[in-house]
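Text of the file final.pdb, holding PDB, C-alpha atoms:
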ATOM      1  CA  MET A 822       0.000   0.000   0.000
ATOM      2  CA  SER A 823       1.355   3.441  -0.930
ATOM      3  CA  ARG A 824       2.089   6.003   1.759
ATOM      4  CA  GLY A 825      -0.789   8.194   0.552
ATOM      5  CA  LYS A 826      -3.280   5.334   0.733
ATOM      6  CA  SER A 827      -1.950   4.280   4.153
ATOM      7  CA  LEU A 828      -2.410   7.815   5.482
ATOM      8  CA  PHE A 829      -5.921   7.971   4.032
ATOM      9  CA  ALA A 830      -6.785   4.626   5.670
ATOM     10  CA  VAL A 831      -5.533   5.790   9.068
ATOM     11  CA  LEU A 832      -7.448   9.072   8.769
ATOM     12  CA  ALA A 833     -10.614   7.293   7.663
ATOM     13  CA  ILE A 834     -10.439   4.881  10.598
ATOM     14  CA  GLY A 835      -9.666   7.706  13.020
ATOM     15  CA  ILE A 836     -12.526   9.891  11.795
ATOM     16  CA  GLY A 837     -14.908   6.926  11.858
ATOM     17  CA  LEU A 838     -13.981   6.078  15.437
ATOM     18  CA  MET A 839     -14.401   9.705  16.497
ATOM     19  CA  MET A 840     -17.862   9.782  14.891
ATOM     20  CA  LEU A 841     -18.872   6.559  16.643
ATOM     21  CA  LEU A 842     -17.313   7.365  20.004
ATOM     22  CA  GLY A 843     -17.618  11.130  19.949
ATOM     23  CA  ARG A 844     -20.502  11.137  22.394
ATOM     24  CA  PHE A 845     -18.375   9.203  24.884
ATOM     25  CA  LEU A 846     -15.008  10.934  24.335
ATOM     26  CA  SER A 847     -14.358  14.547  25.208
ATOM     27  CA  PHE A 848     -11.971  16.781  23.303
ATOM     28  CA  PHE A 849      -9.397  16.485  26.091
ATOM     29  CA  THR A 850      -9.577  12.686  26.044
ATOM     30  CA  ILE A 851      -8.917  12.615  22.299
ATOM     31  CA  VAL A 852      -5.940  14.968  22.753
ATOM     32  CA  ALA A 853      -4.644  12.749  25.550
ATOM     33  CA  LEU A 854      -4.897   9.612  23.401
ATOM     34  CA  LEU A 855      -2.985  11.350  20.604
ATOM     35  CA  LEU A 856      -0.264  12.381  23.086
ATOM     36  CA  LEU A 857       0.002   8.789  24.336
ATOM     37  CA  ILE A 858       0.292   7.385  20.820
ATOM     38  CA  PHE A 859       2.787  10.031  19.676
ATOM     39  CA  GLY A 860       4.808   9.651  22.879
ATOM     40  CA  TYR A 861       4.864   5.872  22.508
ATOM     41  CA  TYR A 862       6.285   6.059  18.987
ATOM     42  CA  LYS A 863       8.803   8.719  20.059
ATOM     43  CA  HIS A 864       9.923   6.377  22.832
ATOM     44  CA  LYS A 865      10.206   3.452  20.407
ATOM     45  CA  SER A 866      12.203   5.545  17.917
ATOM     46  CA  GLY A 867      14.838   6.340  20.551
ATOM     47  CA  ASP A 868      13.696   9.732  21.841
ATOM     48  CA  ILE A 869      13.037   8.276  25.288
ATOM     49  CA  LYS A 870      12.892  11.534  27.278
ATOM     50  CA  LYS A 871      10.423  13.245  24.961
ATOM     51  CA  GLY A 872       8.393  10.056  24.590
ATOM     52  CA  ARG A 873       7.982   9.662  28.336
ATOM     53  CA  THR A 874       7.093  13.336  28.762
ATOM     54  CA  LEU A 875       4.338  13.058  26.152
ATOM     55  CA  MET A 876       3.011   9.827  27.669
ATOM     56  CA  TRP A 877       2.983  11.360  31.146
ATOM     57  CA  ALA A 878       1.100  14.388  29.788
ATOM     58  CA  GLY A 879      -1.445  12.201  27.982
ATOM     59  CA  THR A 880      -1.930  10.002  31.034
ATOM     60  CA  ALA A 881      -2.426  13.010  33.308
ATOM     61  CA  ILE A 882      -5.086  14.484  30.989
ATOM     62  CA  ILE A 883      -6.966  11.170  30.772
ATOM     63  CA  ILE A 884      -6.931  10.776  34.540
ATOM     64  CA  LEU A 885      -8.179  14.316  35.150
ATOM     65  CA  ASP A 886     -10.862  14.122  32.449
ATOM     66  CA  ASN A 887     -12.022  10.552  33.160
ATOM     67  CA  LEU A 888     -11.050  10.041  36.771
ATOM     68  CA  ILE A 889     -13.766   7.566  37.748
ATOM     69  CA  LEU A 890     -13.371   5.470  34.579
ATOM     70  CA  VAL A 891      -9.555   5.370  34.832
ATOM     71  CA  VAL A 892      -9.551   4.496  38.526
ATOM     72  CA  GLY A 893     -12.120   1.772  37.840
ATOM     73  CA  ILE A 894     -10.003   0.216  35.072
ATOM     74  CA  MET A 895      -6.878   0.357  37.253
ATOM     75  CA  LEU A 896      -8.624  -1.270  40.217
ATOM     76  CA  ILE A 897     -10.060  -4.059  38.067
ATOM     77  CA  SER A 898      -6.663  -4.669  36.458
ATOM     78  CA  LEU A 899      -4.921  -4.685  39.841
ATOM     79  CA  GLY A 900      -7.517  -7.039  41.311
ATOM     80  CA  VAL A 901      -7.095  -9.481  38.403
ATOM     81  CA  PHE A 902      -3.311  -9.208  38.845
ATOM     82  CA  TYR A 903      -3.442 -10.388  42.467
ATOM     83  CA  TRP A 904      -6.065 -13.047  41.801
ATOM     84  CA  LYS A 905      -4.287 -14.510  38.789
ATOM     85  CA  GLY A 906      -0.817 -14.045  40.305
ATOM     86  CA  ARG A 907      -1.578 -16.567  43.034
ATOM     87  CA  LYS A 908      -2.637 -19.071  40.375
ATOM     88  CA  VAL A 909       0.277 -18.709  37.952
ATOM     89  CA  GLN A 910       3.108 -18.514  40.492
ATOM     90  CA  PRO A 911       4.320 -21.997  41.487
ATOM     91  CA  ARG A 912       5.153 -21.215  45.117
ATOM     92  CA  GLU A 913       5.102 -18.559  47.832
ATOM     93  CA  GLY A 914       7.846 -15.979  48.216
ATOM     94  CA  TYR A 915       7.799 -14.603  44.667
ATOM     95  CA  ILE A 916       8.636 -10.959  43.951
ATOM     96  CA  ILE A 917       5.744  -8.523  43.433
ATOM     97  CA  ASN A 918       6.376  -5.112  41.845
ATOM     98  CA  GLN A 919       3.642  -2.495  41.335
ATOM     99  CA  ASN A 920       4.264   0.860  39.677
ATOM    100  CA  PHE A 921       2.295   3.461  37.798
ATOM    101  CA  MET A 922       5.079   3.662  35.197
ATOM    102  CA  SER A 923       8.109   1.367  35.045
ATOM    103  CA  ASN A 924      10.945   0.246  32.801
ATOM    104  CA  TYR A 925      12.788  -3.073  33.184
ATOM    105  CA  ALA A 926      15.951  -3.280  31.065
ATOM    106  CA  TRP A 927      16.927  -6.926  31.449
ATOM    107  CA  ASP A 928      18.873  -6.843  28.199
ATOM    108  CA  GLN A 929      21.821  -4.628  29.166
ATOM    109  CA  ALA A 930      23.748  -6.776  31.667
ATOM    110  CA  PRO A 931      23.490 -10.152  33.453
ATOM    111  CA  TRP A 932      20.358 -10.295  35.626
ATOM    112  CA  ILE A 933      18.887 -12.645  38.217
ATOM    113  CA  LEU A 934      15.942 -14.694  36.932
ATOM    114  CA  ARG A 935      13.427 -15.092  39.774
ATOM    115  CA  ASN A 936       9.732 -15.835  40.125
ATOM    116  CA  THR A 937       8.311 -12.350  39.610
ATOM    117  CA  SER A 938       4.914 -10.684  39.170
ATOM    118  CA  ILE A 939       4.890  -7.148  37.719
ATOM    119  CA  TRP A 940       1.946  -4.758  37.354
ATOM    120  CA  HIS A 941       2.017  -1.254  35.923
ATOM    121  CA  VAL A 942      -0.305   1.188  34.210
ATOM    122  CA  ILE A 943       2.356   2.030  31.611
ATOM    123  CA  GLY A 944       5.462  -0.123  31.385
ATOM    124  CA  GLU A 945       8.284  -1.444  29.276
ATOM    125  CA  VAL A 946      10.084  -4.770  29.721
ATOM    126  CA  ASP A 947      13.131  -5.781  27.654
ATOM    127  CA  ALA A 948      14.369  -9.249  28.606
ATOM    128  CA  ASP A 949      17.249 -11.190  27.060
ATOM    129  CA  LEU A 950      17.346 -14.720  28.476
ATOM    130  CA  SER A 951      20.907 -15.249  27.257
ATOM    131  CA  LEU A 952      21.936 -12.819  30.037
ATOM    132  CA  ALA A 953      19.710 -14.382  32.708
ATOM    133  CA  LEU A 954      21.130 -16.095  35.787
ATOM    134  CA  PRO A 955      18.392 -18.471  37.022
ATOM    135  CA  GLU A 956      17.974 -19.131  40.735
ATOM    136  CA  GLU A 957      15.826 -22.222  40.161
ATOM    137  CA  LYS A 958      15.211 -24.832  37.488
ATOM    138  CA  GLU A 959      11.732 -23.457  36.737
ATOM    139  CA  THR A 960      10.744 -19.780  36.828
ATOM    140  CA  VAL A 961       7.512 -17.853  36.179
ATOM    141  CA  ILE A 962       7.408 -14.192  35.137
ATOM    142  CA  TYR A 963       3.929 -12.662  35.160
ATOM    143  CA  LEU A 964       3.490  -9.299  33.410
ATOM    144  CA  GLN A 965       0.220  -7.385  33.467
ATOM    145  CA  GLY A 966      -0.863  -3.802  32.946
ATOM    146  CA  VAL A 967      -2.923  -1.305  31.017
ATOM    147  CA  MET A 968      -0.324  -0.313  28.418
ATOM    148  CA  GLY A 969       2.903  -2.252  27.828
ATOM    149  CA  ASP A 970       5.829  -2.663  25.466
ATOM    150  CA  ILE A 971       7.385  -6.127  25.859
ATOM    151  CA  ASP A 972      10.488  -7.339  23.999
ATOM    152  CA  LEU A 973      11.739 -10.888  24.655
ATOM    153  CA  SER A 974      14.918 -12.464  23.265
ATOM    154  CA  ILE A 975      14.914 -16.248  23.623
ATOM    155  CA  PRO A 976      18.031 -18.396  23.014
ATOM    156  CA  GLU A 977      17.703 -21.919  21.664
ATOM    157  CA  ASP A 978      19.057 -23.617  24.788
ATOM    158  CA  TYR A 979      16.266 -22.333  27.030
ATOM    159  CA  GLY A 980      12.973 -24.094  27.650
ATOM    160  CA  VAL A 981      10.406 -21.318  27.246
ATOM    161  CA  GLU A 982       6.631 -21.251  27.484
ATOM    162  CA  ILE A 983       4.623 -18.117  26.641
ATOM    163  CA  GLU A 984       0.965 -17.348  27.297
ATOM    164  CA  ALA A 985       0.222 -13.821  26.105
ATOM    165  CA  PHE A 986      -2.940 -11.812  25.508
ATOM    166  CA  VAL A 987      -3.125  -8.236  24.190
ATOM    167  CA  LEU A 988      -6.590  -6.757  23.779
ATOM    168  CA  PHE A 989      -5.461  -4.040  21.352
ATOM    169  CA  GLY A 990      -2.043  -3.649  19.760
ATOM    170  CA  ARG A 991       0.687  -5.445  17.861
ATOM    171  CA  GLN A 992       2.178  -8.873  18.307
ATOM    172  CA  LYS A 993       5.355 -10.066  16.588
ATOM    173  CA  PHE A 994       6.791 -13.559  16.908
ATOM    174  CA  GLY A 995       9.915 -14.094  14.839
ATOM    175  CA  ASP A 996       8.951 -13.028  11.306
ATOM    176  CA  ASP A 997       5.207 -13.313  11.923
ATOM    177  CA  GLN A 998       3.382 -10.142  12.846
ATOM    178  CA  LYS A 999      -0.236  -9.216  13.421
ATOM    179  CA  SER A1000      -2.048  -6.138  14.662
ATOM    180  CA  GLY A1001      -5.545  -5.317  15.778
ATOM    181  CA  GLY A1002      -7.619  -6.694  18.625
ATOM    182  CA  MET A1003      -7.791  -9.859  20.719
ATOM    183  CA  ASN A1004      -4.213 -10.943  19.982
ATOM    184  CA  ARG A1005      -3.271 -14.181  21.712
ATOM    185  CA  LEU A1006       0.047 -16.056  21.656
ATOM    186  CA  VAL A1007       0.673 -19.555  23.016
ATOM    187  CA  TYR A1008       4.183 -20.943  22.505
ATOM    188  CA  GLN A1009       6.358 -23.719  23.885
ATOM    189  CA  SER A1010       9.926 -24.133  22.670
ATOM    190  CA  PRO A1011      11.049 -27.458  21.125
ATOM    191  CA  GLY A1012      12.467 -29.809  23.736
ATOM    192  CA  TYR A1013      10.803 -27.855  26.536
ATOM    193  CA  ALA A1014      10.119 -30.927  28.686
ATOM    194  CA  GLY A1015      13.786 -31.996  28.686
ATOM    195  CA  SER A1016      15.318 -28.531  29.159
ATOM    196  CA  GLU A1017      17.532 -28.033  32.212
ATOM    197  CA  TYR A1018      16.158 -24.538  32.817
ATOM    198  CA  LYS A1019      12.582 -23.513  32.085
ATOM    199  CA  VAL A1020      10.863 -20.140  32.207
ATOM    200  CA  LYS A1021       7.209 -19.347  31.678
ATOM    201  CA  PHE A1022       5.984 -15.875  30.685
ATOM    202  CA  VAL A1023       2.358 -14.996  31.389
ATOM    203  CA  ILE A1024       1.589 -11.645  29.732
ATOM    204  CA  SER A1025      -1.665  -9.660  29.737
ATOM    205  CA  TYR A1026      -2.256  -6.045  28.600
ATOM    206  CA  LEU A1027      -5.190  -3.957  27.470
ATOM    207  CA  ILE A1028      -2.961  -2.112  24.979
ATOM    208  CA  GLY A1029       0.382  -3.619  24.107
ATOM    209  CA  ASP A1030       3.263  -4.211  21.745
ATOM    210  CA  LEU A1031       4.756  -7.694  22.126
ATOM    211  CA  ASP A1032       7.917  -8.663  20.230
ATOM    212  CA  VAL A1033       9.423 -12.143  20.669
ATOM    213  CA  LYS A1034      12.798 -12.840  19.030
ATOM    214  CA  LEU A1035      14.232 -16.353  18.747
ATOM    215  CA  THR A1036      18.055 -16.157  18.874
TER     216      THR A1036
END
With the file now loaded, output its structure as structure tokens.
Amino acid sequence: MSRGKSLFAVLAIGIGLMMLLGRFLSFFTIVALLLLIFGYYKHKSGDIKKGRTLMWAGTAIIILDNLILVVGIMLISLGVFYWKGRKVQPREGYIINQNFMSNYAWDQAPWILRNTSIWHVIGEVDADLSLALPEEKETVIYLQGVMGDIDLSIPEDYGVEIEAFVLFGRQKFGDDQKSGGMNRLVYQSPGYAGSEYKVKFVISYLIGDLDVKLT
């Protein structure tokens, strides 16, 4: 598709959504959503400081303009996080991290692989398992939030299982990519049962960008 046609398609979809949802979305909410989207792509393109500033601004406007709705969504998400966390984690004593906005850069240096549950409203997780130092033979990492950007690098010698669900967003697994709504990924690496070290990722976001690389 040419750039002109792509732009027209995006505009047509955007205008259509505004016409359908206009009675439910205020002007400030639309501006906030645009700031979040623009800030997200700035962050992805490398302009991290500006991207975060725009996302913070968009988030603040949404909260102020839709306080009850936003608080309701956050409470439901947090409640599901605790309820599901007890089910997916294999044993007591796992790490629980909760933040409004967070960034986990587990792809820069060796890091300790532990049973961990993470919840955030807006978050980014970059994990390279070739740098991981496992504490146990089997590990579970549970990631949940409202908006997330998840990048996973998986080496061949690791036994990996992934259960991921993104309500709206993009999902890329190797060379396969799909966008839209209700994106679900279920994966188990070859030889998983006989692997010395195993890690399971359970991922759930309302809006997300999931990228899984097999190395």
Could you list, as a PDB file with C-alpha atoms, keeping the file's coordinate frame, every residue matched by the PyMOL selection byres ((chain A and resi 962-978) around 9) in this structure?
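Below is the file expr01.pdb, written as the result:
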ATOM      1  CA  ILE A 894     -10.003   0.216  35.072  1.00  0.00           C
ATOM      2  CA  MET A 895      -6.878   0.357  37.253  1.00  0.00           C
ATOM      3  CA  SER A 898      -6.663  -4.669  36.458  1.00  0.00           C
ATOM      4  CA  LEU A 899      -4.921  -4.685  39.841  1.00  0.00           C
ATOM      5  CA  PHE A 902      -3.311  -9.208  38.845  1.00  0.00           C
ATOM      6  CA  GLY A 906      -0.817 -14.045  40.305  1.00  0.00           C
ATOM      7  CA  VAL A 909       0.277 -18.709  37.952  1.00  0.00           C
ATOM      8  CA  GLN A 910       3.108 -18.514  40.492  1.00  0.00           C
ATOM      9  CA  ASP A 928      18.873  -6.843  28.199  1.00  0.00           C
ATOM     10  CA  LEU A 934      15.942 -14.694  36.932  1.00  0.00           C
ATOM     11  CA  ARG A 935      13.427 -15.092  39.774  1.00  0.00           C
ATOM     12  CA  ASN A 936       9.732 -15.835  40.125  1.00  0.00           C
ATOM     13  CA  THR A 937       8.311 -12.350  39.610  1.00  0.00           C
ATOM     14  CA  SER A 938       4.914 -10.684  39.170  1.00  0.00           C
ATOM     15  CA  ILE A 939       4.890  -7.148  37.719  1.00  0.00           C
ATOM     16  CA  TRP A 940       1.946  -4.758  37.354  1.00  0.00           C
ATOM     17  CA  HIS A 941       2.017  -1.254  35.923  1.00  0.00           C
ATOM     18  CA  VAL A 942      -0.305   1.188  34.210  1.00  0.00           C
ATOM     19  CA  ILE A 943       2.356   2.030  31.611  1.00  0.00           C
ATOM     20  CA  GLY A 944       5.462  -0.123  31.385  1.00  0.00           C
ATOM     21  CA  GLU A 945       8.284  -1.444  29.276  1.00  0.00           C
ATOM     22  CA  VAL A 946      10.084  -4.770  29.721  1.00  0.00           C
ATOM     23  CA  ASP A 947      13.131  -5.781  27.654  1.00  0.00           C
ATOM     24  CA  ALA A 948      14.369  -9.249  28.606  1.00  0.00           C
ATOM     25  CA  ASP A 949      17.249 -11.190  27.060  1.00  0.00           C
ATOM     26  CA  LEU A 950      17.346 -14.720  28.476  1.00  0.00           C
ATOM     27  CA  SER A 951      20.907 -15.249  27.257  1.00  0.00           C
ATOM     28  CA  THR A 960      10.744 -19.780  36.828  1.00  0.00           C
ATOM     29  CA  VAL A 961       7.512 -17.853  36.179  1.00  0.00           C
ATOM     30  CA  TYR A 979      16.266 -22.333  27.030  1.00  0.00           C
ATOM     31  CA  GLY A 980      12.973 -24.094  27.650  1.00  0.00           C
ATOM     32  CA  VAL A 981      10.406 -21.318  27.246  1.00  0.00           C
ATOM     33  CA  SER A1010       9.926 -24.133  22.670  1.00  0.00           C
ATOM     34  CA  PRO A1011      11.049 -27.458  21.125  1.00  0.00           C
ATOM     35  CA  SER A1016      15.318 -28.531  29.159  1.00  0.00           C
ATOM     36  CA  GLU A1017      17.532 -28.033  32.212  1.00  0.00           C
ATOM     37  CA  TYR A1018      16.158 -24.538  32.817  1.00  0.00           C
ATOM     38  CA  VAL A1020      10.863 -20.140  32.207  1.00  0.00           C
ATOM     39  CA  LYS A1021       7.209 -19.347  31.678  1.00  0.00           C
ATOM     40  CA  PHE A1022       5.984 -15.875  30.685  1.00  0.00           C
ATOM     41  CA  VAL A1023       2.358 -14.996  31.389  1.00  0.00           C
ATOM     42  CA  ILE A1024       1.589 -11.645  29.732  1.00  0.00           C
ATOM     43  CA  SER A1025      -1.665  -9.660  29.737  1.00  0.00           C
ATOM     44  CA  TYR A1026      -2.256  -6.045  28.600  1.00  0.00           C
ATOM     45  CA  LEU A1027      -5.190  -3.957  27.470  1.00  0.00           C
ATOM     46  CA  ILE A1028      -2.961  -2.112  24.979  1.00  0.00           C
ATOM     47  CA  GLY A1029       0.382  -3.619  24.107  1.00  0.00           C
ATOM     48  CA  ASP A1030       3.263  -4.211  21.745  1.00  0.00           C
ATOM     49  CA  LEU A1031       4.756  -7.694  22.126  1.00  0.00           C
ATOM     50  CA  ASP A1032       7.917  -8.663  20.230  1.00  0.00           C
ATOM     51  CA  VAL A1033       9.423 -12.143  20.669  1.00  0.00           C
ATOM     52  CA  LYS A1034      12.798 -12.840  19.030  1.00  0.00           C
ATOM     53  CA  LEU A1035      14.232 -16.353  18.747  1.00  0.00           C
ATOM     54  CA  THR A1036      18.055 -16.157  18.874  1.00  0.00           C
TER      55      THR A1036
END
Expected selection from the PyMOL selection byres ((chain A and resi 872) around 8), given as a compact mmCIF listing (two decimals) with C-alpha atoms, keeping the file's coordinate frame:
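Result file result.txt:
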# COMPACT_ATOMS: atom_id res chain seq x y z
CA PHE A 859 2.79 10.03 19.68
CA GLY A 860 4.81 9.65 22.88
CA TYR A 861 4.86 5.87 22.51
CA TYR A 862 6.28 6.06 18.99
CA LYS A 863 8.80 8.72 20.06
CA HIS A 864 9.92 6.38 22.83
CA ASP A 868 13.70 9.73 21.84
CA ILE A 869 13.04 8.28 25.29
CA LYS A 870 12.89 11.53 27.28
CA LYS A 871 10.42 13.24 24.96
CA ARG A 873 7.98 9.66 28.34
CA THR A 874 7.09 13.34 28.76
CA LEU A 875 4.34 13.06 26.15
CA MET A 876 3.01 9.83 27.67
Sorted by chain and rising residue number, list the residues of segment 938-988 of chain A at most 6 Å from segment 994-1007 of chain A (counting only C-alpha atoms), each with its closest atom pair and distance in Å to one decimal, as JSON lines.
{"residue": "A:Ile983", "atom": "CA", "partner": "A:Val1007", "partner_atom": "CA", "distance": 5.6}
{"residue": "A:Glu984", "atom": "CA", "partner": "A:Val1007", "partner_atom": "CA", "distance": 4.8}
{"residue": "A:Ala985", "atom": "CA", "partner": "A:Leu1006", "partner_atom": "CA", "distance": 5.0}
{"residue": "A:Phe986", "atom": "CA", "partner": "A:Arg1005", "partner_atom": "CA", "distance": 4.5}
{"residue": "A:Val987", "atom": "CA", "partner": "A:Asn1004", "partner_atom": "CA", "distance": 5.1}
{"residue": "A:Leu988", "atom": "CA", "partner": "A:Met1003", "partner_atom": "CA", "distance": 4.5}
From the set A:Ile882, A:Pro911, A:Trp904, A:Gln1009, which residue has the shortest atom-to-atom contact distance to Glu957 of chain A, counting all atoms listed in the file?
A:Pro911
Computed interatomic separation between atom CA of Glu982 of chain A and atom CA of Lys908 of chain A (Å):
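These two atoms are separated by 16.0 Å.
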Using all atoms listed in the file, what residues lie at most 10 Å away from (24.1, -7.3, 31.3) (file coordinates), given as JSON, numbers by chain?
{"A": [926, 927, 928, 929, 930, 931, 932, 949, 951, 952, 953]}
Let's have the selection written as a compact mmCIF listing (two decimals), in the coordinates of the input, with C-alpha atoms.
# COMPACT_ATOMS: atom_id res chain seq x y z
CA ALA A 926 15.95 -3.28 31.06
CA TRP A 927 16.93 -6.93 31.45
CA ASP A 928 18.87 -6.84 28.20
CA GLN A 929 21.82 -4.63 29.17
CA ALA A 930 23.75 -6.78 31.67
CA PRO A 931 23.49 -10.15 33.45
CA TRP A 932 20.36 -10.30 35.63
CA ASP A 949 17.25 -11.19 27.06
CA SER A 951 20.91 -15.25 27.26
CA LEU A 952 21.94 -12.82 30.04
CA ALA A 953 19.71 -14.38 32.71
Rank A:Leu954, A:Ile851, A:Ala1014, A:Leu896 by their smallest atom-to-atom distance to Ile933 of chain A, using all atoms listed in the file, and report the top residue only.
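Closest to Ile933 of chain A of all the choices is A:Leu954.
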Report, as JSON, the axis-aligned box around all atoms of segment 901-913 of chain A present in the file, extended by 3 Å on each side; give centre and edge lengths in Å to one decimal place.
{"center_x": -1.0, "center_y": -15.6, "center_z": 42.9, "size_x": 18.2, "size_y": 18.8, "size_z": 15.9}
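Note that the spacing between atom CA of Leu856 of chain A and atom CA of Ala878 of chain A amounts to 7.1 Å.
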Using atom CA of Glu959 of chain A and atom CA of Tyr1013 of chain A as the two end points, give the distance in Å to one decimal.
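Atom-to-atom, atom CA of Glu959 of chain A to atom CA of Tyr1013 of chain A, that is 11.1 Å.
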Some atoms are missing, so please complete segment 962-974 of chain A with N, CA and C atoms and return it as a tab-separated table (two decimals), keeping the file's coordinate frame.
chain	number	residue	atom	x	y	z
A	962	ILE	N	7.45	-15.66	35.15
A	962	ILE	CA	7.41	-14.19	35.14
A	962	ILE	C	6.03	-13.78	34.63
A	963	TYR	N	5.29	-13.08	35.47
A	963	TYR	CA	3.93	-12.66	35.16
A	963	TYR	C	3.92	-11.15	34.95
A	964	LEU	N	3.51	-10.71	33.76
A	964	LEU	CA	3.49	-9.30	33.41
A	964	LEU	C	2.06	-8.88	33.07
A	965	GLN	N	1.58	-7.86	33.75
A	965	GLN	CA	0.22	-7.38	33.47
A	965	GLN	C	0.16	-5.88	33.62
A	966	GLY	N	-0.70	-5.24	32.83
A	966	GLY	CA	-0.86	-3.80	32.95
A	966	GLY	C	-1.88	-3.28	31.96
A	967	VAL	N	-1.99	-1.96	31.93
A	967	VAL	CA	-2.92	-1.30	31.02
A	967	VAL	C	-2.27	-1.10	29.66
A	968	MET	N	-1.05	-0.55	29.67
A	968	MET	CA	-0.32	-0.31	28.42
A	968	MET	C	1.11	-0.81	28.58
A	969	GLY	N	1.57	-1.69	27.68
A	969	GLY	CA	2.90	-2.25	27.83
A	969	GLY	C	3.63	-2.47	26.52
A	970	ASP	N	4.94	-2.39	26.60
A	970	ASP	CA	5.83	-2.66	25.47
A	970	ASP	C	6.80	-3.75	25.92
A	971	ILE	N	6.63	-4.97	25.39
A	971	ILE	CA	7.38	-6.13	25.86
A	971	ILE	C	8.24	-6.67	24.73
A	972	ASP	N	9.55	-6.76	24.95
A	972	ASP	CA	10.49	-7.34	24.00
A	972	ASP	C	11.22	-8.50	24.67
A	973	LEU	N	11.10	-9.70	24.10
A	973	LEU	CA	11.74	-10.89	24.66
A	973	LEU	C	12.71	-11.48	23.64
A	974	SER	N	13.93	-11.78	24.09
A	974	SER	CA	14.92	-12.46	23.26
A	974	SER	C	15.16	-13.83	23.88
